[in-house]
>>> print(open('model.tsv').read())   # TSV, C-alpha atoms and all ligand atoms
chain	number	residue	atom	x	y	z
A	204	MET	CA	-57.29	-84.69	97.04
A	205	VAL	CA	-54.10	-85.45	95.11
A	206	SER	CA	-52.75	-88.78	93.82
A	207	GLY	CA	-49.40	-89.20	92.05
A	208	GLY	CA	-49.26	-85.45	91.45
A	209	ASP	CA	-52.73	-85.42	89.97
A	210	LEU	CA	-55.71	-83.58	91.32
A	211	VAL	CA	-58.42	-86.16	92.00
A	212	VAL	CA	-61.97	-85.33	90.94
A	213	GLY	CA	-64.77	-87.71	91.79
A	214	GLY	CA	-62.19	-90.32	92.75
A	215	VAL	CA	-60.43	-90.17	89.37
A	216	PRO	CA	-56.97	-88.63	88.81
A	217	VAL	CA	-57.46	-85.74	86.43
A	218	SER	CA	-55.08	-86.98	83.69
A	219	ARG	CA	-57.06	-90.19	83.50
A	220	LEU	CA	-60.34	-88.30	83.69
A	221	ALA	CA	-59.26	-86.19	80.72
A	222	ARG	CA	-58.65	-89.39	78.73
A	223	ARG	CA	-62.00	-90.71	79.80
A	224	VAL	CA	-63.81	-87.54	78.79
A	225	GLY	CA	-61.94	-87.66	75.51
A	226	SER	CA	-61.13	-84.00	74.97
A	227	THR	CA	-60.45	-80.77	76.78
A	228	PRO	CA	-61.67	-78.37	77.96
A	229	PHE	CA	-64.38	-79.79	80.20
A	230	PHE	CA	-66.25	-79.18	83.41
A	231	ALA	CA	-66.18	-81.99	85.97
A	232	TYR	CA	-68.58	-82.03	88.91
A	233	ASP	CA	-67.75	-84.20	91.89
A	234	ARG	CA	-70.82	-86.14	92.99
A	235	ASP	CA	-69.46	-86.83	96.48
A	236	LEU	CA	-68.70	-83.16	97.09
A	237	LEU	CA	-72.28	-82.32	96.17
A	238	THR	CA	-73.59	-84.96	98.54
A	239	GLN	CA	-71.28	-83.78	101.33
A	240	ARG	CA	-72.31	-80.18	100.88
A	241	VAL	CA	-75.99	-80.93	101.26
A	242	ALA	CA	-75.17	-83.07	104.30
A	243	GLN	CA	-73.25	-80.15	105.86
A	244	LEU	CA	-76.27	-77.93	105.31
A	245	ARG	CA	-78.54	-80.50	106.93
A	246	VAL	CA	-76.33	-80.57	110.01
A	247	ALA	CA	-76.09	-76.80	110.30
A	248	LEU	CA	-79.65	-75.80	109.46
A	249	PRO	CA	-82.78	-76.39	111.54
A	250	ASP	CA	-84.50	-79.71	110.86
A	251	ASP	CA	-87.76	-78.13	109.82
A	252	LEU	CA	-86.13	-76.01	107.13
A	253	GLU	CA	-86.33	-77.15	103.51
A	254	ILE	CA	-83.36	-76.85	101.22
A	255	SER	CA	-84.25	-75.82	97.70
A	256	TYR	CA	-81.65	-75.99	94.93
A	257	ALA	CA	-81.66	-73.00	92.58
A	258	VAL	CA	-81.21	-74.70	89.23
A	259	LYS	CA	-79.86	-71.67	87.40
A	260	ALA	CA	-76.55	-72.02	89.25
A	261	ASN	CA	-75.97	-75.24	87.30
A	262	PRO	CA	-78.67	-76.91	85.22
A	263	MET	CA	-76.64	-79.90	84.00
A	264	PRO	CA	-79.38	-82.59	83.89
A	265	ALA	CA	-77.38	-85.35	85.62
A	266	LEU	CA	-76.38	-82.96	88.39
A	267	VAL	CA	-79.96	-81.76	88.88
A	268	GLN	CA	-81.09	-85.38	89.05
A	269	HIS	CA	-78.45	-86.18	91.65
A	270	LEU	CA	-79.32	-83.17	93.77
A	271	SER	CA	-83.06	-83.80	93.47
A	272	GLY	CA	-82.56	-86.88	95.61
A	273	LEU	CA	-80.78	-84.87	98.31
A	274	VAL	CA	-82.62	-81.56	98.57
A	275	ASP	CA	-86.30	-80.98	99.31
A	276	SER	CA	-87.25	-78.81	96.39
A	277	LEU	CA	-86.02	-77.08	93.26
A	278	ASP	CA	-86.19	-73.42	92.28
A	279	VAL	CA	-86.30	-72.66	88.58
A	280	ALA	CA	-86.16	-69.46	86.56
A	281	SER	CA	-87.24	-70.47	83.05
A	282	GLY	CA	-89.56	-72.86	81.28
A	283	ALA	CA	-86.63	-75.08	80.31
A	284	GLU	CA	-85.38	-75.25	83.91
A	285	MET	CA	-88.92	-76.10	84.97
A	286	ARG	CA	-89.01	-79.04	82.54
A	287	LEU	CA	-85.69	-80.24	83.99
A	288	ALA	CA	-87.10	-80.03	87.50
A	289	LEU	CA	-90.27	-81.85	86.49
A	290	ASP	CA	-88.14	-84.66	85.05
A	291	THR	CA	-86.96	-85.44	88.58
A	292	ALA	CA	-88.92	-87.49	91.08
A	293	LEU	CA	-89.91	-84.41	93.09
A	294	PRO	CA	-93.61	-83.53	93.01
A	295	ALA	CA	-94.62	-80.40	91.09
A	296	ASP	CA	-95.45	-78.39	94.19
A	297	LYS	CA	-91.84	-78.86	95.31
A	298	VAL	CA	-90.82	-76.79	92.31
A	299	SER	CA	-90.94	-73.00	92.52
A	300	PHE	CA	-90.71	-70.75	89.49
A	301	ALA	CA	-89.22	-67.27	90.04
A	302	GLY	CA	-87.97	-64.55	87.74
A	303	PRO	CA	-89.17	-61.41	85.99
A	304	GLY	CA	-90.52	-61.60	82.48
A	305	LYS	CA	-91.95	-65.10	82.52
A	306	SER	CA	-93.73	-65.50	79.20
A	307	VAL	CA	-97.43	-66.27	78.89
A	308	ALA	CA	-96.42	-69.67	77.54
A	309	GLU	CA	-94.14	-70.34	80.53
A	310	LEU	CA	-96.81	-69.21	82.99
A	311	THR	CA	-99.39	-71.44	81.34
A	312	GLN	CA	-96.99	-74.40	81.51
A	313	ALA	CA	-96.30	-73.63	85.16
A	314	VAL	CA	-100.00	-73.46	86.05
A	315	ALA	CA	-100.67	-76.67	84.13
A	316	ALA	CA	-97.80	-78.37	85.95
A	317	GLY	CA	-98.94	-77.16	89.37
A	318	VAL	CA	-95.60	-75.67	90.38
A	319	VAL	CA	-95.51	-72.75	92.83
A	320	VAL	CA	-95.38	-69.67	90.62
A	321	GLU	CA	-93.64	-66.82	92.38
A	322	VAL	CA	-95.50	-63.74	91.22
A	323	GLU	CA	-93.21	-60.87	90.28
A	324	SER	CA	-95.72	-58.21	89.15
A	325	PRO	CA	-99.43	-57.34	88.94
A	326	LEU	CA	-99.46	-58.12	85.23
A	327	GLU	CA	-98.00	-61.53	85.95
A	328	ALA	CA	-100.83	-62.11	88.44
A	329	ASP	CA	-103.33	-61.23	85.67
A	330	ARG	CA	-101.70	-63.64	83.26
A	331	ILE	CA	-101.64	-66.43	85.83
A	332	THR	CA	-105.32	-65.84	86.58
A	333	ALA	CA	-106.14	-66.01	82.87
A	334	ALA	CA	-104.10	-69.19	82.44
A	335	GLY	CA	-105.91	-70.78	85.37
A	336	GLU	CA	-109.31	-69.87	83.92
A	337	GLU	CA	-108.38	-71.19	80.51
A	338	LEU	CA	-107.09	-74.46	81.96
A	339	GLY	CA	-109.79	-74.84	84.58
A	340	ILE	CA	-107.07	-75.14	87.23
A	341	ARG	CA	-106.55	-73.14	90.41
A	342	PRO	CA	-103.03	-71.70	90.04
A	343	VAL	CA	-100.62	-72.26	92.89
A	344	VAL	CA	-98.78	-69.03	93.64
A	345	ALA	CA	-96.61	-67.17	96.13
A	346	LEU	CA	-95.87	-63.46	96.07
A	347	ARG	CA	-92.27	-62.43	95.65
A	348	LEU	CA	-91.67	-59.38	97.78
A	349	ASN	CA	-89.18	-56.65	97.04
A	350	PRO	CA	-88.21	-55.86	100.64
A	351	ASP	CA	-87.99	-52.41	102.16
A	352	PHE	CA	-84.42	-53.13	103.22
A	353	GLU	CA	-81.17	-53.91	101.47
A	354	VAL	CA	-78.66	-56.64	102.19
A	355	LYS	CA	-75.13	-55.28	102.20
A	356	GLY	CA	-72.12	-57.34	101.28
A	357	SER	CA	-73.79	-59.30	98.51
A	358	GLY	CA	-71.98	-59.87	95.23
A	359	MET	CA	-75.27	-59.14	93.48
A	360	ARG	CA	-78.11	-57.23	95.09
A	361	MET	CA	-81.59	-58.38	94.09
A	362	GLY	CA	-83.83	-56.75	96.66
A	363	GLY	CA	-84.41	-53.37	98.26
A	364	GLY	CA	-84.74	-50.04	96.46
A	365	ALA	CA	-86.13	-50.10	92.95
A	366	GLN	CA	-86.00	-53.60	91.48
A	367	GLN	CA	-87.27	-55.60	88.54
A	368	PHE	CA	-87.65	-58.44	91.03
A	369	GLY	CA	-90.79	-58.97	93.06
A	370	VAL	CA	-93.48	-56.54	94.15
A	371	ASP	CA	-92.63	-53.65	96.43
A	372	VAL	CA	-93.75	-54.34	99.97
A	373	GLU	CA	-95.81	-51.13	99.95
A	374	GLU	CA	-97.82	-52.42	96.98
A	375	ALA	CA	-98.12	-55.97	98.23
A	376	PRO	CA	-101.25	-55.79	100.46
A	377	ARG	CA	-103.45	-54.59	97.61
A	378	LEU	CA	-102.18	-57.23	95.20
A	379	LEU	CA	-102.52	-59.96	97.82
A	380	LYS	CA	-106.18	-59.11	98.35
A	381	GLU	CA	-106.77	-59.09	94.63
A	382	MET	CA	-105.10	-62.45	94.15
A	383	GLU	CA	-107.18	-63.95	96.93
A	384	ALA	CA	-110.37	-62.44	95.52
A	385	ARG	CA	-109.60	-64.09	92.19
A	386	GLY	CA	-109.33	-67.47	93.85
A	387	LEU	CA	-105.62	-68.07	93.27
A	388	ASP	CA	-104.17	-70.69	95.60
A	389	LEU	CA	-101.94	-68.22	97.43
A	390	ARG	CA	-99.47	-70.24	99.45
A	391	GLY	CA	-97.19	-67.56	100.85
A	392	PHE	CA	-94.15	-65.44	100.21
A	393	HIS	CA	-90.74	-65.34	98.64
A	394	VAL	CA	-87.93	-62.92	99.38
A	395	PHE	CA	-84.55	-63.14	97.68
A	396	ALA	CA	-82.43	-60.12	98.37
A	397	GLY	CA	-78.94	-60.95	97.15
A	398	SER	CA	-76.31	-63.43	96.11
A	399	GLN	CA	-72.72	-64.41	97.01
A	400	ASN	CA	-72.64	-63.18	100.61
A	401	LEU	CA	-69.83	-64.42	102.86
A	402	HIS	CA	-70.81	-62.46	105.98
A	403	ALA	CA	-72.72	-64.57	108.49
A	404	ASP	CA	-73.80	-61.54	110.53
A	405	ILE	CA	-75.28	-59.80	107.51
A	406	LEU	CA	-77.10	-62.92	106.37
A	407	VAL	CA	-78.50	-63.45	109.85
A	408	GLU	CA	-79.74	-59.88	109.99
A	409	ALA	CA	-81.29	-60.21	106.53
A	410	GLN	CA	-83.07	-63.39	107.56
A	411	ARG	CA	-84.40	-61.71	110.69
A	412	ARG	CA	-85.79	-58.84	108.66
A	413	THR	CA	-87.16	-61.25	106.06
A	414	VAL	CA	-89.05	-63.22	108.70
A	415	ASP	CA	-90.44	-60.00	110.17
A	416	LEU	CA	-91.54	-58.91	106.73
A	417	VAL	CA	-93.22	-62.23	105.99
A	418	LEU	CA	-95.07	-62.13	109.30
A	419	ARG	CA	-96.21	-58.60	108.59
A	420	MET	CA	-97.49	-59.67	105.18
A	421	SER	CA	-99.17	-62.70	106.70
A	422	ASP	CA	-101.51	-60.28	108.45
A	423	GLU	CA	-102.66	-59.07	105.06
A	424	VAL	CA	-104.01	-62.38	103.81
A	425	ALA	CA	-107.14	-64.31	104.74
A	426	THR	CA	-105.56	-67.75	104.86
A	427	GLN	CA	-102.53	-68.70	106.88
A	428	PRO	CA	-99.43	-68.92	104.62
A	429	THR	CA	-98.04	-72.41	104.13
A	430	TYR	CA	-95.01	-71.42	102.07
A	431	VAL	CA	-92.22	-69.14	103.28
A	432	ASN	CA	-89.21	-68.90	100.97
A	433	LEU	CA	-86.51	-67.00	102.81
A	434	GLY	CA	-84.09	-66.82	99.86
A	435	GLY	CA	-80.44	-67.51	100.58
A	436	GLY	CA	-77.47	-65.83	99.04
A	437	PHE	CA	-74.84	-67.94	100.81
A	438	GLY	CA	-71.48	-67.25	99.18
A	439	ILE	CA	-68.35	-69.30	98.55
A	440	PRO	CA	-64.74	-68.08	98.68
A	441	TYR	CA	-63.20	-67.25	95.31
A	442	TYR	CA	-60.28	-64.99	96.15
A	443	ASP	CA	-57.23	-65.17	98.38
A	444	ARG	CA	-58.65	-63.05	101.13
A	445	ASP	CA	-62.17	-64.51	101.10
A	446	ARG	CA	-63.06	-66.41	104.25
A	447	PRO	CA	-65.61	-69.22	103.90
A	448	LEU	CA	-69.08	-68.48	105.24
A	449	ASP	CA	-69.51	-69.43	108.88
A	450	LEU	CA	-72.39	-71.82	108.22
A	451	ARG	CA	-72.76	-72.79	111.84
A	452	THR	CA	-73.43	-69.22	112.94
A	453	VAL	CA	-76.01	-68.80	110.21
A	454	GLY	CA	-77.63	-72.12	111.05
A	455	ASP	CA	-77.79	-71.45	114.80
A	456	ALA	CA	-79.31	-68.03	114.29
A	457	LEU	CA	-81.84	-69.40	111.83
A	458	GLU	CA	-82.83	-72.15	114.23
A	459	GLU	CA	-83.57	-69.60	116.92
A	460	LEU	CA	-85.31	-67.26	114.53
A	461	VAL	CA	-87.57	-69.97	113.15
A	462	ARG	CA	-88.33	-71.42	116.58
A	463	THR	CA	-88.97	-68.17	118.44
A	464	ARG	CA	-90.48	-65.91	115.80
A	465	LEU	CA	-91.76	-67.81	112.84
A	466	ARG	CA	-93.15	-71.06	114.25
A	467	PRO	CA	-95.36	-69.46	116.90
A	468	ARG	CA	-97.21	-67.70	114.10
A	469	LEU	CA	-96.91	-70.19	111.24
A	470	PRO	CA	-96.50	-73.59	112.88
A	471	ASP	CA	-97.10	-75.69	109.76
A	472	ALA	CA	-95.62	-73.60	106.98
A	473	ARG	CA	-92.94	-74.98	104.72
A	474	VAL	CA	-89.91	-72.78	105.34
A	475	LEU	CA	-87.32	-72.84	102.58
A	476	LEU	CA	-83.84	-71.64	101.86
A	477	GLU	CA	-83.00	-71.60	98.18
A	478	LEU	CA	-79.34	-72.02	97.44
A	479	GLY	CA	-77.48	-72.35	94.17
A	480	ARG	CA	-73.84	-71.39	94.30
A	481	TYR	CA	-73.31	-72.66	97.83
A	482	VAL	CA	-74.50	-76.14	96.87
A	483	VAL	CA	-72.63	-76.61	93.59
A	484	GLY	CA	-69.90	-73.98	93.26
A	485	GLU	CA	-67.09	-75.78	95.04
A	486	ALA	CA	-67.91	-79.15	93.51
A	487	GLY	CA	-66.98	-78.01	90.00
A	488	PHE	CA	-63.63	-78.02	88.17
A	489	TYR	CA	-62.95	-76.47	84.80
A	490	VAL	CA	-60.15	-78.46	83.19
A	491	THR	CA	-58.17	-77.04	80.27
A	492	ARG	CA	-54.99	-78.09	78.48
A	493	ILE	CA	-51.98	-75.93	77.72
A	494	VAL	CA	-51.68	-75.56	73.97
A	495	ASP	CA	-48.85	-73.02	73.85
A	496	ARG	CA	-46.16	-71.61	76.05
A	497	LYS	CA	-44.54	-68.40	74.93
A	498	ASP	CA	-42.46	-65.55	76.22
A	499	SER	CA	-43.09	-61.93	75.40
A	500	ARG	CA	-40.67	-59.29	76.63
A	501	GLY	CA	-39.97	-61.05	79.85
A	502	THR	CA	-43.49	-62.34	80.54
A	503	THR	CA	-44.39	-66.01	80.19
A	504	PHE	CA	-47.81	-66.85	78.79
A	505	LEU	CA	-49.48	-70.21	79.16
A	506	VAL	CA	-52.20	-70.44	76.53
A	507	VAL	CA	-54.90	-72.97	77.31
A	508	ASP	CA	-57.59	-74.47	75.08
A	509	GLY	CA	-60.44	-73.07	77.20
A	510	GLY	CA	-61.30	-69.56	78.27
A	511	MET	CA	-63.86	-66.95	79.16
A	512	HIS	CA	-66.34	-68.36	76.64
A	513	HIS	CA	-66.81	-71.28	79.06
A	514	GLN	CA	-65.90	-69.80	82.43
A	515	LEU	CA	-66.62	-66.11	82.12
A	516	ALA	CA	-66.50	-65.41	85.85
A	517	ALA	CA	-62.88	-66.55	86.14
A	518	SER	CA	-61.88	-63.91	83.59
A	519	GLY	CA	-63.36	-61.23	85.85
A	520	ASN	CA	-66.04	-60.19	83.39
A	521	PHE	CA	-69.14	-61.54	85.17
A	522	GLY	CA	-70.16	-58.49	87.15
A	523	GLN	CA	-66.90	-58.10	89.06
A	524	VAL	CA	-65.68	-54.57	89.70
A	525	ILE	CA	-62.05	-55.51	90.24
A	526	ARG	CA	-60.48	-58.45	88.43
A	527	ARG	CA	-58.91	-60.96	90.82
A	528	ASN	CA	-57.73	-64.49	90.18
A	529	TYR	CA	-59.94	-67.47	90.77
A	530	PRO	CA	-58.03	-70.35	92.35
A	531	ILE	CA	-56.00	-72.07	89.63
A	532	ALA	CA	-53.46	-74.90	89.49
A	533	VAL	CA	-51.53	-77.16	87.17
A	534	ALA	CA	-53.74	-80.18	87.77
A	535	ASN	CA	-51.18	-82.84	86.87
A	536	ARG	CA	-48.34	-81.24	88.88
A	537	MET	CA	-50.09	-80.69	92.19
A	538	ASP	CA	-47.09	-81.85	94.21
A	539	ALA	CA	-44.59	-79.54	92.44
A	540	GLU	CA	-43.50	-76.28	94.04
A	541	PRO	CA	-44.32	-72.94	92.40
A	542	ALA	CA	-41.42	-72.11	90.10
A	543	GLU	CA	-42.47	-69.17	87.97
A	544	THR	CA	-44.91	-66.33	87.66
A	545	VAL	CA	-47.03	-66.55	84.53
A	546	GLN	CA	-50.05	-65.22	82.70
A	547	VAL	CA	-52.61	-67.93	82.04
A	548	VAL	CA	-54.72	-66.90	79.08
A	549	GLY	CA	-57.55	-68.54	77.18
A	550	CYS	CA	-57.65	-69.21	73.47
A	551	LEU	CA	-59.94	-66.34	72.52
A	552	CYS	CA	-58.52	-63.49	70.45
A	553	THR	CA	-59.24	-60.81	73.05
A	554	PRO	CA	-57.22	-59.46	75.99
A	555	LEU	CA	-60.30	-60.01	78.16
A	556	ASP	CA	-59.60	-63.73	78.07
A	557	LEU	CA	-57.29	-63.74	81.07
A	558	LEU	CA	-57.68	-66.66	83.49
A	559	GLY	CA	-54.70	-66.11	85.77
A	560	ASP	CA	-52.92	-62.80	86.18
A	561	ARG	CA	-49.33	-63.10	87.51
A	562	VAL	CA	-49.98	-66.44	89.13
A	563	GLU	CA	-47.22	-68.50	90.67
A	564	LEU	CA	-47.29	-72.01	89.27
A	565	PRO	CA	-44.94	-74.95	88.94
A	566	ARG	CA	-43.12	-74.96	85.62
A	567	ALA	CA	-45.78	-76.16	83.17
A	568	GLU	CA	-45.42	-77.45	79.64
A	569	VAL	CA	-47.61	-77.79	76.59
A	570	GLY	CA	-49.96	-80.72	77.20
A	571	ASP	CA	-50.26	-80.10	80.94
A	572	LEU	CA	-53.71	-79.59	82.44
A	573	VAL	CA	-54.67	-76.30	84.05
A	574	VAL	CA	-57.66	-76.40	86.39
A	575	LEU	CA	-59.84	-73.57	87.60
A	576	PHE	CA	-61.55	-74.29	90.90
A	577	GLN	CA	-64.93	-73.08	92.19
A	578	ALA	CA	-66.34	-73.74	88.73
A	579	GLY	CA	-69.54	-75.55	89.65
A	580	ALA	CA	-71.85	-72.54	89.66
A	581	TYR	CA	-72.48	-69.94	86.96
A	582	GLY	CA	-69.84	-71.51	84.71
A	583	HIS	CA	-70.86	-73.09	81.45
A	584	THR	CA	-74.38	-71.69	81.24
A	585	ALA	CA	-73.39	-68.23	82.49
A	586	SER	CA	-70.71	-67.82	79.83
A	587	PRO	CA	-70.83	-66.55	76.24
A	588	THR	CA	-70.22	-69.93	74.63
A	589	ALA	CA	-70.88	-68.63	71.12
A	590	PHE	CA	-68.22	-65.92	71.38
A	591	LEU	CA	-65.42	-66.82	68.90
A	592	SER	CA	-67.41	-69.87	67.79
A	593	HIS	CA	-65.35	-72.52	69.56
A	594	PRO	CA	-67.06	-75.79	70.52
A	595	ALA	CA	-69.11	-75.89	73.71
A	596	PRO	CA	-67.38	-77.47	76.71
A	597	LEU	CA	-68.18	-81.02	77.76
A	598	GLU	CA	-69.59	-81.60	81.23
A	599	VAL	CA	-69.31	-84.73	83.34
A	600	LEU	CA	-70.62	-85.72	86.73
A	601	VAL	CA	-68.03	-87.96	88.37
B	701	LIG	C1	-80.17	-66.87	91.39
B	701	LIG	C2	-81.18	-67.14	92.40
B	701	LIG	C3	-80.90	-67.98	93.47
B	701	LIG	C4	-79.56	-68.63	93.66
B	701	LIG	O1	-78.60	-67.73	94.06
B	701	LIG	P1	-77.18	-68.26	94.59
B	701	LIG	O2	-76.41	-67.05	94.87
B	701	LIG	O3	-76.60	-69.08	93.47
B	701	LIG	O4	-77.41	-69.11	95.77
B	701	LIG	C5	-81.88	-68.23	94.39
B	701	LIG	N1	-83.10	-67.67	94.25
B	701	LIG	C6	-83.42	-66.85	93.23
B	701	LIG	C7	-84.76	-66.27	93.14
B	701	LIG	C8	-82.47	-66.55	92.28
B	701	LIG	O5	-82.78	-65.73	91.28
>>> encode(input="model.tsv", output="structure tokens", more="lines below")
Ligand SMILES: *Cc1c(COP(=O)(O)O)cnc(C)c1O
Amino acid sequence: MVSGGDLVVGGVPVSRLARRVGSTPFFAYDRDLLTQRVAQLRVALPDDLEISYAVKANPMPALVQHLSGLVDSLDVASGAEMRLALDTALPADKVSFAGPGKSVAELTQAVAAGVVVEVESPLEADRITAAGEELGIRPVVALRLNPDFEVKGSGMRMGGGAQQFGVDVEEAPRLLKEMEARGLDLRGFHVFAGSQNLHADILVEAQRRTVDLVLRMSDEVATQPTYVNLGGGFGIPYYDRDRPLDLRTVGDALEELVRTRLRPRLPDARVLLELGRYVVGEAGFYVTRIVDRKDSRGTTFLVVDGGMHHQLAASGNFGQVIRRNYPIAVANRMDAEPAETVQVVGCLCTPLDLLGDRVELPRAEVGDLVVLFQAGAYGHTASPTAFLSHPAPLEVLV
């Protein structure tokens, strides 16, 4: 939305928001966009599917609190994220804890809290067992499976082949029996095979194979699984040619899959999708201010007060193979026509700090605000904030 030439975030024109925040650069997250996104998911996905928010996409406490009232559960990947999740009103068993290399201290905290610990290795199972014995508590666990298939088209692949994530399917039956024999409260399974996927057909196929895999593994355990975490990996468009995910197609296919294949076998299981980027990515705006405008041998550079130390992904250095521009605009001149082609660079003393390469923008001056869109996920906390020792960015939920 635009008002008087200003981009509007959370109902506030961005120039005014910048005054309210007090300084640039900052991240602003639009509360209504978050609410709308979860509502869209509710419409598209089957009613008996739980939506879990993957906190690592954006762990800002106010945002996590807001989302905790909208989603069914939270997925965390560190002890600190777990504490954040436990600060919300959600019960502990609506928190799942995934990730390789959980420390003994983190595992002990997780067992004490009663969250669902997603077991990533045999050694982790040993440590969880020991923590349970020490605490006199029956640990609540699920086994994370490294599937025997790969999901193509993902920005990051996290399943199939050799992986640090989960336990290979071939090894799973033995470990499952062992975990049961030790009296762990084994609830079910977790599969997360990849991230940032925009292809509905590939996601649907991955979900079909995931359900098949979970049903196969369900034959290996004595008690009926009550927890089936199907992962997610829903992507958002970042680049010109990206098409948004066809959520309806994914939702319809999932509805059929759950109804015809999963429910007949596991009628009462909690079935979850865990989504990070898809929930928060498009609700975030990284707002910077132009501090210099200079020409060098025919090229115009707009130098802003932010950069890759806050929004690494927009510089193309967060796992991208080819650098392409994230959507960018002059936030206080939204109604002006493009007038020039410029380089938008951050304030770090490195050529890597490029935020917009040959972008067409309205003529912009020092003091104008430059916004990077799609900044709600893997922004602040996925960036090297200590690099060049500038202050950390502010974050507001509007
Ligand atoms: C990172 C992660 C997610 C979230 O991935 P998105 O691409 O942000 O949706 C979900 N589950 C697990 C286990 C993860 O590691």
>>> closest_residue(input="model.tsv", among="A:Arg234, A:Arg411, A:His583, A:His393", to="ligand LIG 701 (chain B)", atoms="only C-alpha atoms and all ligand atoms")
A:His393
>>> closest_residue(input="model.tsv", among="A:Gly487, A:Gly386, A:Gly364, A:Gly369", to="Asp235 of chain A", atoms="all atoms listed in the file")
A:Gly487
>>> closest_residue(input="model.tsv", among="A:Val483, A:Ile531, A:Leu244, A:Val461", to="Ala260 of chain A", atoms="only C-alpha atoms")
A:Val483
>>> residues_near_ligand(input="model.tsv", ligand="ligand LIG 701 (chain B)", cutoff="6 Å", atoms="all atoms listed in the file", output="NGL selection string")
:A and (257 or 260 or 301 or 395 or 398-399 or 434-437 or 477-481)
>>> write_last_selection(input="model.tsv", atoms="C-alpha atoms", output="mmCIF file, in the frame of the given file")
data_model
loop_
_atom_site.group_PDB
_atom_site.id
_atom_site.type_symbol
_atom_site.label_atom_id
_atom_site.label_comp_id
_atom_site.auth_asym_id
_atom_site.auth_seq_id
_atom_site.Cartn_x
_atom_site.Cartn_y
_atom_site.Cartn_z
ATOM 1 C CA ALA A 257 -81.660 -73.000 92.580
ATOM 2 C CA ALA A 260 -76.550 -72.020 89.250
ATOM 3 C CA ALA A 301 -89.220 -67.270 90.040
ATOM 4 C CA PHE A 395 -84.550 -63.140 97.680
ATOM 5 C CA SER A 398 -76.310 -63.430 96.110
ATOM 6 C CA GLN A 399 -72.720 -64.410 97.010
ATOM 7 C CA GLY A 434 -84.090 -66.820 99.860
ATOM 8 C CA GLY A 435 -80.440 -67.510 100.580
ATOM 9 C CA GLY A 436 -77.470 -65.830 99.040
ATOM 10 C CA PHE A 437 -74.840 -67.940 100.810
ATOM 11 C CA GLU A 477 -83.000 -71.600 98.180
ATOM 12 C CA LEU A 478 -79.340 -72.020 97.440
ATOM 13 C CA GLY A 479 -77.480 -72.350 94.170
ATOM 14 C CA ARG A 480 -73.840 -71.390 94.300
ATOM 15 C CA TYR A 481 -73.310 -72.660 97.830
#
>>> closest_residue(input="model.tsv", among="A:Asp443, A:Glu408, A:Glu485, A:Asp233", to="Gln577 of chain A", atoms="all atoms listed in the file")
A:Glu485
>>> atom_distance(input="model.tsv", atom1="atom CA of Asp404 of chain A", atom2="atom CA of Val453 of chain A")
7.6 Å
>>> atom_distance(input="model.tsv", atom1="atom CA of Leu476 of chain A", atom2="atom CA of Glu253 of chain A")
6.3 Å
>>> closest_residue(input="model.tsv", among="A:Asp296, A:Asp290, A:Glu373, A:Glu563", to="Val318 of chain A", atoms="all atoms listed in the file")
A:Asp296
>>> closest_residue(input="model.tsv", among="A:Phe504, A:Ala580, A:Ser499, A:Val601", to="Arg566 of chain A", atoms="all atoms listed in the file")
A:Phe504
>>> atom_distance(input="model.tsv", atom1="atom CA of Leu591 of chain A", atom2="atom CA of Val573 of chain A")
20.9 Å
>>> residues_around(input="model.tsv", residues="Leu248 of chain A", least_positions_apart="6", cutoff="8 Å", atoms="only C-alpha atoms", output="list in words")
Arg451, Val453, Gly454, Asp455, Leu457 and Glu458 of chain A
>>> residues_around(input="model.tsv", residues="Leu460 of chain A", least_positions_apart="5", cutoff="10 Å", atoms="all atoms listed in the file", output="PyMOL selection string")
chain A and resi 249+407+410-411+414-415+454-455+465-466
>>> residues_near_point(input="model.tsv", point="(-104.3, -63.5, 95.3)", cutoff="12 Å", atoms="all atoms listed in the file", output="number ranges by chain")
A: 320-322, 324-325, 327-329, 331-332, 341-346, 375-392, 423-426, 428
>>> residues_around(input="model.tsv", residues="Val224 of chain A", least_positions_apart="5", cutoff="9 Å", atoms="all atoms listed in the file", output="compact mmCIF listing (two decimals) with C-alpha atoms, keeping the file's coordinate frame")
# COMPACT_ATOMS: atom_id res chain seq x y z
CA ARG A 219 -57.06 -90.19 83.50
CA PHE A 229 -64.38 -79.79 80.20
CA LEU A 597 -68.18 -81.02 77.76
CA GLU A 598 -69.59 -81.60 81.23
CA VAL A 599 -69.31 -84.73 83.34
>>> residues_around(input="model.tsv", residues="segment 211-214 of chain A", least_positions_apart="6", cutoff="12 Å", atoms="all atoms listed in the file", output="list in words")
Met204, Val205, Leu220, Ala221, Phe230, Ala231, Tyr232, Asp233, Arg234, Asp235, Leu236, Leu237, Thr238, Glu485, Ala486, Gly487, Phe488, Tyr489, Val490, Ala534, Asn535, Arg536, Met537, Val574, Phe576, Val599, Leu600 and Val601 of chain A
>>> residues_around(input="model.tsv", residues="segment 273-279 of chain A", least_positions_apart="2", cutoff="9 Å", atoms="all atoms listed in the file", output="PyMOL selection string")
chain A and resi 238+241-242+253-259+267+269-271+281-285+287-288+293-294+296-302+475+477-479
